[in-house]
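A.B. asks: Here you go, one structure.
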Amino acid sequence: MPKTSKTKSNISLKPKIKIENVVASAAVDAEIDLDKIAATLDNAEYEPEQFPGLVLRLVKPKAAILVFSSGKMVCTGSKEIKTVKVAIAETLKQIRKCGIKVKGEATIKIQNIVASSDLKSELNLDKIAFTLENTEFEPEQFPGLVFRVAEPKVVFLLFRSGKIVCTGAKKIVDVRRGVEKLVKELKKAKVL
């Protein structure tokens, strides 16, 4: 049986990552009558005096779509990229049911992936702020430390509990690479 070294931490370079939200933009080449959609669909909210877009809340798949008269859309609330594509397709289907002509499919672009993880170790945020570059920590303003990674371009929120939030990724693989880089940096600086 091979010997295993005992360490203070059971941190692996691959902590479990949970995708919390995928934000995507989409566009179709059509003018969309938001008043008509609001009058026709029960799951639509439109208050143009408050906000210029219509909010379409989908149940299946669960997502919220902001629809603008220009044909631009923003999808939020999905936890998977494939669900974003289904949500946009369902939105176009509902828009067409309202009698609005939309040709073709939407072009979809992932704008932001928000993920969370737990490093399973208490973090000394003061020490991290003094040890690592590209950090911001103002505990009187916000209890988390902000750590920016250049490649892949992501931003982390680190909390004393060891919980982390990753934002800014445009691909799931960038979330994974960013977390691995963060763990390596924290170990290298001996703050994990």
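Going through the structure tokens in order, the chains are called A, B, and so on, while each chain numbers its residues from 1 and the ligands are numbered from 1 in the order shown.
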Name the residues of range 6-149 of chain A that come out as strand (DSSP E or B) in a backbone DSSP run; write them as a PyMOL selection string.
C.D. replies: chain A and resi 17-27+44-45+54-58+63-67+72-78+107-118+135-136+145-149
A.B. asks: Given only C-alpha atoms as the basis, pick out the residue of A:Glu140, A:Asp174, A:Asp29, A:Glu49 nearest to Lys101 in chain A.
C.D. replies: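 That would be A:Asp29, the residue with the smallest distance to Lys101 in chain A.
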A.B. asks: Please identify all polymer residues within 7 Å of range 179-189 of chain A, counting only C-alpha atoms, omitting same-chain residues fewer than 3 positions from it, and present them as a ChimeraX atom specification.
C.D. replies: /A:13-14,131,175-176,192
A.B. asks: Between A:Ser121, A:Ser116, A:Thr76, A:Gln141, which residue has the minimum interatomic distance to Ile164 in chain A, considering only C-alpha atoms?
C.D. replies: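 Ranked by minimum distance to Ile164 in chain A, first place goes to A:Ser116.
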A.B. asks: Could you work out how far CA of Val22 in chain A lies from CA of Lys171 in chain A, giving the answer in Å with one decimal?
C.D. replies: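 Answer for the CA of Lys171 in chain A to CA of Val22 in chain A separation: 9.7 Å.
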A.B. asks: Nearest to Lys62 in chain A among A:Asn112, A:Ser161, A:Thr91, A:Ser117, with distances taken over only C-alpha atoms: which residue is it?
C.D. replies: A:Thr91
A.B. asks: Find the residues near Val155 in chain A: any atom within 10 Å, counting only C-alpha atoms, skip ones fewer than 3 places away on the same chain, and give them as a ChimeraX atom specification.
C.D. replies: /A:114,134-135,146-150,152,158,165-169,175,178
A.B. asks: Restricted to C-alpha atoms, what would the selected residues look like written as an mmCIF file, in the first residue's frame?
C.D. replies:
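Contents of result36.cif, freshly written:
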```cif
data_model
loop_
_atom_site.group_PDB
_atom_site.id
_atom_site.type_symbol
_atom_site.label_atom_id
_atom_site.label_comp_id
_atom_site.auth_asym_id
_atom_site.auth_seq_id
_atom_site.Cartn_x
_atom_site.Cartn_y
_atom_site.Cartn_z
ATOM 1 C CA VAL A 114 -21.180 32.539 -12.675
ATOM 2 C CA ASN A 134 -4.532 41.723 -8.329
ATOM 3 C CA THR A 135 -6.592 41.633 -5.145
ATOM 4 C CA VAL A 146 -11.792 40.187 -5.039
ATOM 5 C CA PHE A 147 -9.055 38.371 -6.967
ATOM 6 C CA ARG A 148 -8.602 38.952 -10.697
ATOM 7 C CA VAL A 149 -7.034 36.352 -12.971
ATOM 8 C CA ALA A 150 -5.723 37.527 -16.348
ATOM 9 C CA PRO A 152 -8.386 32.920 -18.305
ATOM 10 C CA LEU A 158 -13.162 34.659 -1.882
ATOM 11 C CA VAL A 165 -17.583 32.643 -6.582
ATOM 12 C CA CYS A 166 -16.152 32.847 -10.100
ATOM 13 C CA THR A 167 -17.559 35.294 -12.626
ATOM 14 C CA GLY A 168 -16.611 36.623 -16.030
ATOM 15 C CA ALA A 169 -15.986 33.315 -17.793
ATOM 16 C CA VAL A 175 -14.202 28.389 -14.959
ATOM 17 C CA GLY A 178 -9.548 29.702 -13.351
#
```
A.B. asks: Which of these, A:Lys170, A:Phe159, A:Ala115, A:Leu92, has the shortest distance to Lys79 in chain A once you count only C-alpha atoms?
C.D. replies: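 Of all the options, A:Ala115 lies closest to Lys79 in chain A.
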A.B. asks: Between CA of Phe68 in chain A and CA of Thr83 in chain A, measure the distance and give it in Å to one decimal.
C.D. replies: 20.5 Å
A.B. asks: What gap, in Å, lies between CA of Ile88 in chain A and CA of Ile19 in chain A?
C.D. replies: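 Computing the Euclidean distance for CA of Ile88 in chain A and CA of Ile19 in chain A yields 18.9 Å.
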A.B. asks: Identify all residues of range 70-187 of chain A in helix (DSSP H, G or I) (DSSP on the backbone) and supply them as a ChimeraX atom specification.
C.D. replies: /A:81-97,125-131,172-187
A.B. asks: Could you pull the residues within 12 Å of Gly104 in chain A, counting only C-alpha atoms, minus those fewer than 6 positions along the same chain, as a ChimeraX atom specification?
C.D. replies: /A:27-30,89,92-93,96
A.B. asks: Have a look at A:Thr40, A:Ser70, A:Ser25, A:Gln50 and name the one nearest to Lys85 in chain A; count only C-alpha atoms.
C.D. replies: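 The shortest atom-to-atom distance to Lys85 in chain A comes from A:Ser25.
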A.B. asks: Pick out the residues sitting within 10 Å of Ala87 in chain A, and hand them over as number ranges by chain; count only C-alpha atoms, and ignore anything fewer than 3 positions along from it in its own chain.
C.D. replies: A: 57-65, 75-76, 78, 81-84, 90-93
A.B. asks: Find the residues near Ile100 in chain A: any atom within 9 Å, counting only C-alpha atoms, skip ones fewer than 5 places away on the same chain, and give them as a VMD selection string.
C.D. replies: chain A and resid 30 to 33 36 to 37 95
